[in-house]
file entry_5.pdb (PDB, C-alpha atoms)
ATOM      1  CA  MET Q   1     -21.654   1.434  -8.244  1.00  0.00           C
ATOM      2  CA  SER Q   2     -18.822  -0.202 -10.213  1.00  0.00           C
ATOM      3  CA  ARG Q   3     -15.723  -1.661  -8.659  1.00  0.00           C
ATOM      4  CA  ALA Q   4     -12.299  -1.394 -10.285  1.00  0.00           C
ATOM      5  CA  GLU Q   5      -9.207  -3.352  -9.333  1.00  0.00           C
ATOM      6  CA  LEU Q   6      -5.576  -2.320  -9.508  1.00  0.00           C
ATOM      7  CA  VAL Q   7      -2.841  -4.854  -8.694  1.00  0.00           C
ATOM      8  CA  VAL Q   8       0.879  -4.019  -8.652  1.00  0.00           C
ATOM      9  CA  GLU Q   9       3.576  -6.485  -7.577  1.00  0.00           C
ATOM     10  CA  LEU Q  10       7.303  -6.042  -7.152  1.00  0.00           C
ATOM     11  CA  ASP Q  11      10.130  -8.369  -6.162  1.00  0.00           C
ATOM     12  CA  VAL Q  12      12.431  -6.831  -3.562  1.00  0.00           C
ATOM     13  CA  ALA Q  13      15.995  -7.944  -2.744  1.00  0.00           C
ATOM     14  CA  ALA Q  14      15.491  -7.522   0.991  1.00  0.00           C
ATOM     15  CA  PRO Q  15      14.015  -9.676   3.768  1.00  0.00           C
ATOM     16  CA  ALA Q  16      10.231  -9.783   4.081  1.00  0.00           C
ATOM     17  CA  GLU Q  17      10.368  -8.495   7.670  1.00  0.00           C
ATOM     18  CA  LEU Q  18      12.311  -5.388   6.637  1.00  0.00           C
ATOM     19  CA  VAL Q  19       9.966  -4.647   3.743  1.00  0.00           C
ATOM     20  CA  TRP Q  20       6.873  -5.233   5.912  1.00  0.00           C
ATOM     21  CA  ASP Q  21       8.141  -2.907   8.623  1.00  0.00           C
ATOM     22  CA  THR Q  22       8.884  -0.247   6.005  1.00  0.00           C
ATOM     23  CA  VAL Q  23       5.563  -0.593   4.193  1.00  0.00           C
ATOM     24  CA  MET Q  24       3.491  -0.554   7.374  1.00  0.00           C
ATOM     25  CA  ASP Q  25       5.217   2.421   8.979  1.00  0.00           C
ATOM     26  CA  TRP Q  26       2.223   4.580   8.105  1.00  0.00           C
ATOM     27  CA  PRO Q  27       3.764   8.016   8.854  1.00  0.00           C
ATOM     28  CA  ARG Q  28       6.853   7.160   6.773  1.00  0.00           C
ATOM     29  CA  GLN Q  29       4.788   6.077   3.762  1.00  0.00           C
ATOM     30  CA  GLY Q  30       4.999   9.683   2.637  1.00  0.00           C
ATOM     31  CA  ASP Q  31       8.735   9.117   2.124  1.00  0.00           C
ATOM     32  CA  TRP Q  32       8.029   6.705  -0.731  1.00  0.00           C
ATOM     33  CA  ILE Q  33       4.400   7.110  -1.855  1.00  0.00           C
ATOM     34  CA  LEU Q  34       4.138   9.958  -4.347  1.00  0.00           C
ATOM     35  CA  ALA Q  35       2.630  13.206  -3.050  1.00  0.00           C
ATOM     36  CA  THR Q  36       1.115  11.531   0.023  1.00  0.00           C
ATOM     37  CA  ARG Q  37       1.062  12.252   3.754  1.00  0.00           C
ATOM     38  CA  VAL Q  38      -0.198   9.543   6.128  1.00  0.00           C
ATOM     39  CA  GLU Q  39      -1.022   9.482   9.818  1.00  0.00           C
ATOM     40  CA  VAL Q  40      -2.525   7.008  12.256  1.00  0.00           C
ATOM     41  CA  THR Q  41      -5.641   8.657  13.705  1.00  0.00           C
ATOM     42  CA  ALA Q  42      -6.809   5.896  16.081  1.00  0.00           C
ATOM     43  CA  GLY Q  43      -5.237   2.738  17.467  1.00  0.00           C
ATOM     44  CA  ASP Q  44      -1.664   1.654  16.915  1.00  0.00           C
ATOM     45  CA  GLY Q  45      -1.818   1.284  13.120  1.00  0.00           C
ATOM     46  CA  ARG Q  46      -0.832  -2.370  13.424  1.00  0.00           C
ATOM     47  CA  SER Q  47      -4.079  -4.014  14.484  1.00  0.00           C
ATOM     48  CA  VAL Q  48      -7.674  -4.463  13.390  1.00  0.00           C
ATOM     49  CA  GLY Q  49      -9.728  -1.368  14.107  1.00  0.00           C
ATOM     50  CA  SER Q  50      -6.841   1.076  13.762  1.00  0.00           C
ATOM     51  CA  GLN Q  51      -7.695   4.141  11.689  1.00  0.00           C
ATOM     52  CA  VAL Q  52      -5.442   5.889   9.201  1.00  0.00           C
ATOM     53  CA  SER Q  53      -5.786   9.054   7.155  1.00  0.00           C
ATOM     54  CA  ALA Q  54      -3.857   9.784   3.973  1.00  0.00           C
ATOM     55  CA  VAL Q  55      -3.867  12.963   1.920  1.00  0.00           C
ATOM     56  CA  THR Q  56      -2.667  12.661  -1.662  1.00  0.00           C
ATOM     57  CA  GLY Q  57      -2.094  15.781  -3.679  1.00  0.00           C
ATOM     58  CA  VAL Q  58       0.096  18.779  -4.269  1.00  0.00           C
ATOM     59  CA  GLY Q  59      -0.096  22.001  -2.306  1.00  0.00           C
ATOM     60  CA  PRO Q  60      -3.621  22.853  -1.198  1.00  0.00           C
ATOM     61  CA  LEU Q  61      -5.155  20.366  -3.658  1.00  0.00           C
ATOM     62  CA  GLY Q  62      -5.510  16.909  -2.185  1.00  0.00           C
ATOM     63  CA  VAL Q  63      -7.810  13.956  -1.728  1.00  0.00           C
ATOM     64  CA  VAL Q  64      -8.377  12.686   1.810  1.00  0.00           C
ATOM     65  CA  ASP Q  65      -8.413   8.901   2.091  1.00  0.00           C
ATOM     66  CA  THR Q  66      -9.602   7.648   5.479  1.00  0.00           C
ATOM     67  CA  MET Q  67      -9.119   3.961   6.219  1.00  0.00           C
ATOM     68  CA  VAL Q  68      -9.888   1.361   8.869  1.00  0.00           C
ATOM     69  CA  VAL Q  69      -7.680  -1.722   9.241  1.00  0.00           C
ATOM     70  CA  THR Q  70      -9.974  -4.740   8.821  1.00  0.00           C
ATOM     71  CA  GLU Q  71      -7.338  -7.484   8.689  1.00  0.00           C
ATOM     72  CA  TRP Q  72      -3.827  -7.680  10.120  1.00  0.00           C
ATOM     73  CA  THR Q  73      -1.725 -10.808   9.721  1.00  0.00           C
ATOM     74  CA  GLU Q  74       1.906 -11.048  10.675  1.00  0.00           C
ATOM     75  CA  GLN Q  75       3.796 -13.639   8.678  1.00  0.00           C
ATOM     76  CA  ARG Q  76       3.249 -17.221   9.689  1.00  0.00           C
ATOM     77  CA  PRO Q  77       4.762 -20.392   8.212  1.00  0.00           C
ATOM     78  CA  ALA Q  78       1.917 -20.821   5.717  1.00  0.00           C
ATOM     79  CA  GLY Q  79       1.285 -17.245   4.665  1.00  0.00           C
ATOM     80  CA  PRO Q  80       2.359 -13.674   4.017  1.00  0.00           C
ATOM     81  CA  PHE Q  81       2.353 -10.509   6.026  1.00  0.00           C
ATOM     82  CA  ARG Q  82      -0.993  -8.909   5.159  1.00  0.00           C
ATOM     83  CA  CYS Q  83      -2.923  -5.738   5.939  1.00  0.00           C
ATOM     84  CA  VAL Q  84      -6.385  -5.041   4.541  1.00  0.00           C
ATOM     85  CA  VAL Q  85      -7.995  -1.631   4.891  1.00  0.00           C
ATOM     86  CA  ASP Q  86     -11.504  -0.417   4.221  1.00  0.00           C
ATOM     87  CA  HIS Q  87     -11.400   2.967   2.469  1.00  0.00           C
ATOM     88  CA  THR Q  88     -14.117   4.985   4.218  1.00  0.00           C
ATOM     89  CA  GLY Q  89     -13.716   8.449   2.718  1.00  0.00           C
ATOM     90  CA  LYS Q  90     -16.106  10.557   0.695  1.00  0.00           C
ATOM     91  CA  VAL Q  91     -14.070  10.133  -2.502  1.00  0.00           C
ATOM     92  CA  VAL Q  92     -12.006   6.971  -2.010  1.00  0.00           C
ATOM     93  CA  ARG Q  93     -14.176   3.946  -1.182  1.00  0.00           C
ATOM     94  CA  GLY Q  94     -13.446   0.235  -1.401  1.00  0.00           C
ATOM     95  CA  ASP Q  95     -10.615  -1.801   0.057  1.00  0.00           C
ATOM     96  CA  GLY Q  96      -6.864  -1.996  -0.198  1.00  0.00           C
ATOM     97  CA  VAL Q  97      -4.424  -4.794   0.513  1.00  0.00           C
ATOM     98  CA  PHE Q  98      -0.712  -4.735   1.282  1.00  0.00           C
ATOM     99  CA  GLU Q  99       1.003  -8.141   1.221  1.00  0.00           C
ATOM    100  CA  VAL Q 100       4.645  -9.105   1.638  1.00  0.00           C
ATOM    101  CA  VAL Q 101       5.532 -12.704   0.792  1.00  0.00           C
ATOM    102  CA  ASP Q 102       8.857 -14.238   1.825  1.00  0.00           C
ATOM    103  CA  ARG Q 103      10.731 -15.643  -1.211  1.00  0.00           C
ATOM    104  CA  GLY Q 104      13.776 -17.027   0.618  1.00  0.00           C
ATOM    105  CA  PRO Q 105      16.792 -15.477   2.295  1.00  0.00           C
ATOM    106  CA  GLY Q 106      16.923 -11.762   1.583  1.00  0.00           C
ATOM    107  CA  ARG Q 107      14.091 -11.794  -0.976  1.00  0.00           C
ATOM    108  CA  CYS Q 108      10.374 -11.090  -0.978  1.00  0.00           C
ATOM    109  CA  ARG Q 109       7.502  -9.927  -3.129  1.00  0.00           C
ATOM    110  CA  PHE Q 110       5.426  -6.863  -2.263  1.00  0.00           C
ATOM    111  CA  ARG Q 111       1.866  -6.827  -3.601  1.00  0.00           C
ATOM    112  CA  TRP Q 112      -0.426  -3.770  -3.443  1.00  0.00           C
ATOM    113  CA  VAL Q 113      -4.073  -4.221  -4.427  1.00  0.00           C
ATOM    114  CA  GLU Q 114      -6.784  -1.588  -4.584  1.00  0.00           C
ATOM    115  CA  ARG Q 115     -10.424  -2.552  -5.182  1.00  0.00           C
ATOM    116  CA  LEU Q 116     -12.127   0.791  -5.558  1.00  0.00           C
ATOM    117  CA  ASP Q 117     -15.755   1.770  -5.866  1.00  0.00           C
ATOM    118  CA  LEU Q 118     -15.786   4.103  -8.845  1.00  0.00           C
ATOM    119  CA  PRO Q 119     -17.657   7.336  -8.162  1.00  0.00           C
ATOM    120  CA  LEU Q 120     -19.873   9.227 -10.601  1.00  0.00           C
ATOM    121  CA  GLY Q 121     -21.675   6.214 -12.124  1.00  0.00           C
ATOM    122  CA  ALA Q 122     -21.231   5.887 -15.875  1.00  0.00           C
ATOM    123  CA  LEU Q 123     -18.754   8.773 -15.924  1.00  0.00           C
ATOM    124  CA  GLY Q 124     -16.552   6.929 -13.411  1.00  0.00           C
ATOM    125  CA  ARG Q 125     -16.703   3.742 -15.490  1.00  0.00           C
ATOM    126  CA  LEU Q 126     -15.791   5.667 -18.639  1.00  0.00           C
ATOM    127  CA  GLY Q 127     -12.991   7.534 -16.889  1.00  0.00           C
ATOM    128  CA  TRP Q 128     -11.350   4.477 -15.272  1.00  0.00           C
ATOM    129  CA  PRO Q 129      -9.494   3.374 -18.448  1.00  0.00           C
ATOM    130  CA  VAL Q 130      -7.951   6.867 -18.579  1.00  0.00           C
ATOM    131  CA  VAL Q 131      -7.143   7.119 -14.853  1.00  0.00           C
ATOM    132  CA  ARG Q 132      -5.965   3.512 -14.364  1.00  0.00           C
ATOM    133  CA  PRO Q 133      -2.640   3.714 -16.298  1.00  0.00           C
ATOM    134  CA  ALA Q 134      -1.601   6.872 -14.434  1.00  0.00           C
ATOM    135  CA  MET Q 135      -2.587   5.385 -11.090  1.00  0.00           C
ATOM    136  CA  GLN Q 136      -0.751   2.128 -11.864  1.00  0.00           C
ATOM    137  CA  ALA Q 137       2.365   4.037 -12.941  1.00  0.00           C
ATOM    138  CA  GLY Q 138       2.292   6.120  -9.750  1.00  0.00           C
ATOM    139  CA  VAL Q 139       1.866   3.068  -7.501  1.00  0.00           C
ATOM    140  CA  ALA Q 140       4.629   1.177  -9.338  1.00  0.00           C
ATOM    141  CA  HIS Q 141       6.970   4.182  -9.080  1.00  0.00           C
ATOM    142  CA  SER Q 142       6.239   4.494  -5.365  1.00  0.00           C
ATOM    143  CA  MET Q 143       6.858   0.787  -4.824  1.00  0.00           C
ATOM    144  CA  ARG Q 144      10.218   0.996  -6.612  1.00  0.00           C
ATOM    145  CA  ARG Q 145      11.226   3.889  -4.324  1.00  0.00           C
ATOM    146  CA  MET Q 146      10.351   1.792  -1.283  1.00  0.00           C
ATOM    147  CA  ALA Q 147      12.222  -1.221  -2.698  1.00  0.00           C
ATOM    148  CA  ARG Q 148      15.391   0.819  -3.328  1.00  0.00           C
ATOM    149  CA  GLU Q 149      15.293   2.085   0.249  1.00  0.00           C
ATOM    150  CA  CYS Q 150      14.838  -1.425   1.677  1.00  0.00           C
ATOM    151  CA  GLU Q 151      17.509  -2.932  -0.554  1.00  0.00           C
ATOM    152  CA  GLN Q 152      19.985  -0.210   0.464  1.00  0.00           C
ATOM    153  CA  ARG Q 153      19.237  -0.752   4.161  1.00  0.00           C
ATOM    154  CA  HIS Q 154      19.612  -4.514   3.707  1.00  0.00           C
ATOM    155  CA  ARG Q 155      22.976  -4.139   1.954  1.00  0.00           C
ATOM    156  CA  SER Q 156      24.183  -1.740   4.649  1.00  0.00           C
ATOM    157  CA  GLY Q 157      23.507  -4.300   7.365  1.00  0.00           C
ATOM    158  CA  PRO Q 158      21.854  -4.205  10.792  1.00  0.00           C
ATOM    159  CA  GLY Q 159      21.190  -0.832  12.312  1.00  0.00           C
ATOM    160  CA  ALA Q 160      21.400   0.986   8.968  1.00  0.00           C
TER
END
call {"tool": "encode", "arguments": {"input": "entry_5.pdb", "output": "structure tokens"}}
result
Amino acid sequence: MSRAELVVELDVAAPAELVWDTVMDWPRQGDWILATRVEVTAGDGRSVGSQVSAVTGVGPLGVVDTMVVTEWTEQRPAGPFRCVVDHTGKVVRGDGVFEVVDRGPGRCRFRWVERLDLPLGALGRLGWPVVRPAMQAGVAHSMRRMARECEQRHRSGPGA
């Protein structure tokens, strides 16, 4: 089995705490991640062992992505907010990482990493160069949607 990596980073003009809370509100991820619905299926979604299920697709066509949280780190003086999931589904396998790094007052960087086990052997390896640009564009678009929402909420002030 081959492993492929996708890394997308984005600077956000909003506090790290606000971005982290937005990113890790699993059910609301569907508001900013393209064509995706997410739900917490076990645990609280904010601790190791929690389970999450996402369905990405349009209409009746979708891919189910089940995940288990394997690492959960709230920001500390020496490091970022960080959530690592193990993708446990039949189609999506591997691990994913969400990180939010504080960059000073009202600024942060959001980093989304996917390390995926490519299915279908040689066909999966051959197909990855075709699929990767579309996947990267979709993730980047989704991240920009999330950033705009966070930046607007930050500009509007507390309670917005």
call {"tool": "closest_atom_pairs", "arguments": {"input": "entry_5.pdb", "of": "stretch 64-135 of chain Q", "to": "stretch 22-39 of chain Q", "cutoff": "10 Å", "atoms": "only C-alpha atoms", "output": "tab-separated table"}}
result
residue	atom	partner	partner_atom	distance
Q:Val64	CA	Q:Arg37	CA	9.6
Q:Asp65	CA	Q:Val38	CA	9.2
Q:Thr66	CA	Q:Val38	CA	9.6
Q:Arg82	CA	Q:Met24	CA	9.7
Q:Cys83	CA	Q:Met24	CA	8.4
Q:Phe98	CA	Q:Val23	CA	8.1
Q:Glu99	CA	Q:Val23	CA	9.3
Q:Val100	CA	Q:Val23	CA	8.9
Q:Phe110	CA	Q:Val23	CA	9.0
call {"tool": "write_last_selection", "arguments": {"input": "entry_5.pdb", "atoms": "C-alpha atoms", "output": "PDB file, keeping the file's coordinate frame"}}
result
ATOM      1  CA  VAL Q  64      -8.377  12.686   1.810  1.00  0.00           C
ATOM      2  CA  ASP Q  65      -8.413   8.901   2.091  1.00  0.00           C
ATOM      3  CA  THR Q  66      -9.602   7.648   5.479  1.00  0.00           C
ATOM      4  CA  ARG Q  82      -0.993  -8.909   5.159  1.00  0.00           C
ATOM      5  CA  CYS Q  83      -2.923  -5.738   5.939  1.00  0.00           C
ATOM      6  CA  PHE Q  98      -0.712  -4.735   1.282  1.00  0.00           C
ATOM      7  CA  GLU Q  99       1.003  -8.141   1.221  1.00  0.00           C
ATOM      8  CA  VAL Q 100       4.645  -9.105   1.638  1.00  0.00           C
ATOM      9  CA  PHE Q 110       5.426  -6.863  -2.263  1.00  0.00           C
TER      10      PHE Q 110
END
call {"tool": "atom_distance", "arguments": {"input": "entry_5.pdb", "atom1": "atom CA of Q:Asp11", "atom2": "atom CA of Q:Val101"}}
result
9.4 Å
call {"tool": "resolve_selection", "arguments": {"input": "entry_5.pdb", "expression": "the PyMOL selection byres ((chain Q and resi 127-137) around 12)", "output": "number ranges by chain"}}
result
Q: 2-9, 33-34, 56, 112-126, 138-144
call {"tool": "closest_atom_pairs", "arguments": {"input": "entry_5.pdb", "of": "stretch 6-70 of chain Q", "to": "stretch 87-90 of chain Q", "cutoff": "12 Å", "atoms": "only C-alpha atoms", "output": "JSON lines"}}
result
{"residue": "Q:Gln51", "atom": "CA", "partner": "Q:Thr88", "partner_atom": "CA", "distance": 9.9}
{"residue": "Q:Val52", "atom": "CA", "partner": "Q:His87", "partner_atom": "CA", "distance": 9.5}
{"residue": "Q:Ser53", "atom": "CA", "partner": "Q:Gly89", "partner_atom": "CA", "distance": 9.1}
{"residue": "Q:Ala54", "atom": "CA", "partner": "Q:Gly89", "partner_atom": "CA", "distance": 10.0}
{"residue": "Q:Val55", "atom": "CA", "partner": "Q:Gly89", "partner_atom": "CA", "distance": 10.9}
{"residue": "Q:Val63", "atom": "CA", "partner": "Q:Gly89", "partner_atom": "CA", "distance": 9.2}
{"residue": "Q:Val64", "atom": "CA", "partner": "Q:Gly89", "partner_atom": "CA", "distance": 6.9}
{"residue": "Q:Asp65", "atom": "CA", "partner": "Q:Gly89", "partner_atom": "CA", "distance": 5.4}
{"residue": "Q:Thr66", "atom": "CA", "partner": "Q:Gly89", "partner_atom": "CA", "distance": 5.0}
{"residue": "Q:Met67", "atom": "CA", "partner": "Q:His87", "partner_atom": "CA", "distance": 4.5}
{"residue": "Q:Val68", "atom": "CA", "partner": "Q:His87", "partner_atom": "CA", "distance": 6.8}
{"residue": "Q:Val69", "atom": "CA", "partner": "Q:His87", "partner_atom": "CA", "distance": 9.0}
{"residue": "Q:Thr70", "atom": "CA", "partner": "Q:His87", "partner_atom": "CA", "distance": 10.1}
call {"tool": "write_last_selection", "arguments": {"input": "entry_5.pdb", "atoms": "C-alpha atoms", "output": "PDB file, in the frame of the given file"}}
result
ATOM      1  CA  GLN Q  51      -7.695   4.141  11.689  1.00  0.00           C
ATOM      2  CA  VAL Q  52      -5.442   5.889   9.201  1.00  0.00           C
ATOM      3  CA  SER Q  53      -5.786   9.054   7.155  1.00  0.00           C
ATOM      4  CA  ALA Q  54      -3.857   9.784   3.973  1.00  0.00           C
ATOM      5  CA  VAL Q  55      -3.867  12.963   1.920  1.00  0.00           C
ATOM      6  CA  VAL Q  63      -7.810  13.956  -1.728  1.00  0.00           C
ATOM      7  CA  VAL Q  64      -8.377  12.686   1.810  1.00  0.00           C
ATOM      8  CA  ASP Q  65      -8.413   8.901   2.091  1.00  0.00           C
ATOM      9  CA  THR Q  66      -9.602   7.648   5.479  1.00  0.00           C
ATOM     10  CA  MET Q  67      -9.119   3.961   6.219  1.00  0.00           C
ATOM     11  CA  VAL Q  68      -9.888   1.361   8.869  1.00  0.00           C
ATOM     12  CA  VAL Q  69      -7.680  -1.722   9.241  1.00  0.00           C
ATOM     13  CA  THR Q  70      -9.974  -4.740   8.821  1.00  0.00           C
TER      14      THR Q  70
END
call {"tool": "atom_distance", "arguments": {"input": "entry_5.pdb", "atom1": "atom CA of Q:Ala13", "atom2": "atom CA of Q:Cys108"}}
result
6.7 Å
call {"tool": "atom_distance", "arguments": {"input": "entry_5.pdb", "atom1": "atom CA of Q:Arg109", "atom2": "atom CA of Q:Thr73"}}
result
15.8 Å
call {"tool": "resolve_selection", "arguments": {"input": "entry_5.pdb", "expression": "the PyMOL selection byres ((chain Q and resi 48) around 7)", "output": "list in words"}}
result
Ser47, Gly49, Ser50, Val69, Thr70, Glu71 and Trp72 of chain Q
call {"tool": "closest_residue", "arguments": {"input": "entry_5.pdb", "among": "Q:Gly45, Q:Pro60, Q:Pro80, Q:Arg148", "to": "Q:Arg103", "atoms": "all atoms listed in the file"}}
result
Q:Pro80
call {"tool": "build_atoms", "arguments": {"input": "entry_5.pdb", "residues": "stretch 21-32 of chain Q", "atoms": "N, CA, C and O atoms", "output": "mmCIF file, keeping the file's coordinate frame"}}
result
data_model
loop_
_atom_site.group_PDB
_atom_site.id
_atom_site.type_symbol
_atom_site.label_atom_id
_atom_site.label_comp_id
_atom_site.auth_asym_id
_atom_site.auth_seq_id
_atom_site.Cartn_x
_atom_site.Cartn_y
_atom_site.Cartn_z
ATOM 1 N N ASP Q 21 8.010 -4.003 7.655
ATOM 2 C CA ASP Q 21 8.141 -2.907 8.623
ATOM 3 C C ASP Q 21 8.189 -1.548 7.923
ATOM 4 O O ASP Q 21 7.641 -0.564 8.425
ATOM 5 N N THR Q 22 8.812 -1.495 6.770
ATOM 6 C CA THR Q 22 8.884 -0.247 6.005
ATOM 7 C C THR Q 22 7.517 0.127 5.441
ATOM 8 O O THR Q 22 7.054 1.262 5.578
ATOM 9 N N VAL Q 23 6.858 -0.840 4.816
ATOM 10 C CA VAL Q 23 5.563 -0.593 4.193
ATOM 11 C C VAL Q 23 4.521 -0.171 5.219
ATOM 12 O O VAL Q 23 3.725 0.737 4.979
ATOM 13 N N MET Q 24 4.539 -0.799 6.393
ATOM 14 C CA MET Q 24 3.491 -0.554 7.374
ATOM 15 C C MET Q 24 3.848 0.519 8.404
ATOM 16 O O MET Q 24 3.121 0.706 9.363
ATOM 17 N N ASP Q 25 4.918 1.242 8.169
ATOM 18 C CA ASP Q 25 5.217 2.421 8.979
ATOM 19 C C ASP Q 25 4.420 3.561 8.344
ATOM 20 O O ASP Q 25 4.907 4.297 7.478
ATOM 21 N N TRP Q 26 3.159 3.654 8.740
ATOM 22 C CA TRP Q 26 2.223 4.580 8.105
ATOM 23 C C TRP Q 26 2.785 5.994 7.954
ATOM 24 O O TRP Q 26 2.746 6.544 6.838
ATOM 25 N N PRO Q 27 3.285 6.636 9.019
ATOM 26 C CA PRO Q 27 3.764 8.016 8.854
ATOM 27 C C PRO Q 27 4.920 8.142 7.860
ATOM 28 O O PRO Q 27 5.071 9.174 7.209
ATOM 29 N N ARG Q 28 5.718 7.095 7.708
ATOM 30 C CA ARG Q 28 6.853 7.160 6.773
ATOM 31 C C ARG Q 28 6.452 6.800 5.344
ATOM 32 O O ARG Q 28 7.265 6.909 4.434
ATOM 33 N N GLN Q 29 5.206 6.380 5.131
ATOM 34 C CA GLN Q 29 4.788 6.077 3.762
ATOM 35 C C GLN Q 29 4.945 7.291 2.857
ATOM 36 O O GLN Q 29 5.211 7.155 1.665
ATOM 37 N N GLY Q 30 4.812 8.470 3.422
ATOM 38 C CA GLY Q 30 4.999 9.683 2.637
ATOM 39 C C GLY Q 30 6.402 9.832 2.080
ATOM 40 O O GLY Q 30 6.624 10.593 1.139
ATOM 41 N N ASP Q 31 7.371 9.084 2.650
ATOM 42 C CA ASP Q 31 8.735 9.117 2.124
ATOM 43 C C ASP Q 31 8.837 8.404 0.778
ATOM 44 O O ASP Q 31 9.764 8.656 0.019
ATOM 45 N N TRP Q 32 7.920 7.467 0.518
ATOM 46 C CA TRP Q 32 8.029 6.705 -0.731
ATOM 47 C C TRP Q 32 6.771 6.737 -1.595
ATOM 48 O O TRP Q 32 6.859 6.523 -2.804
#
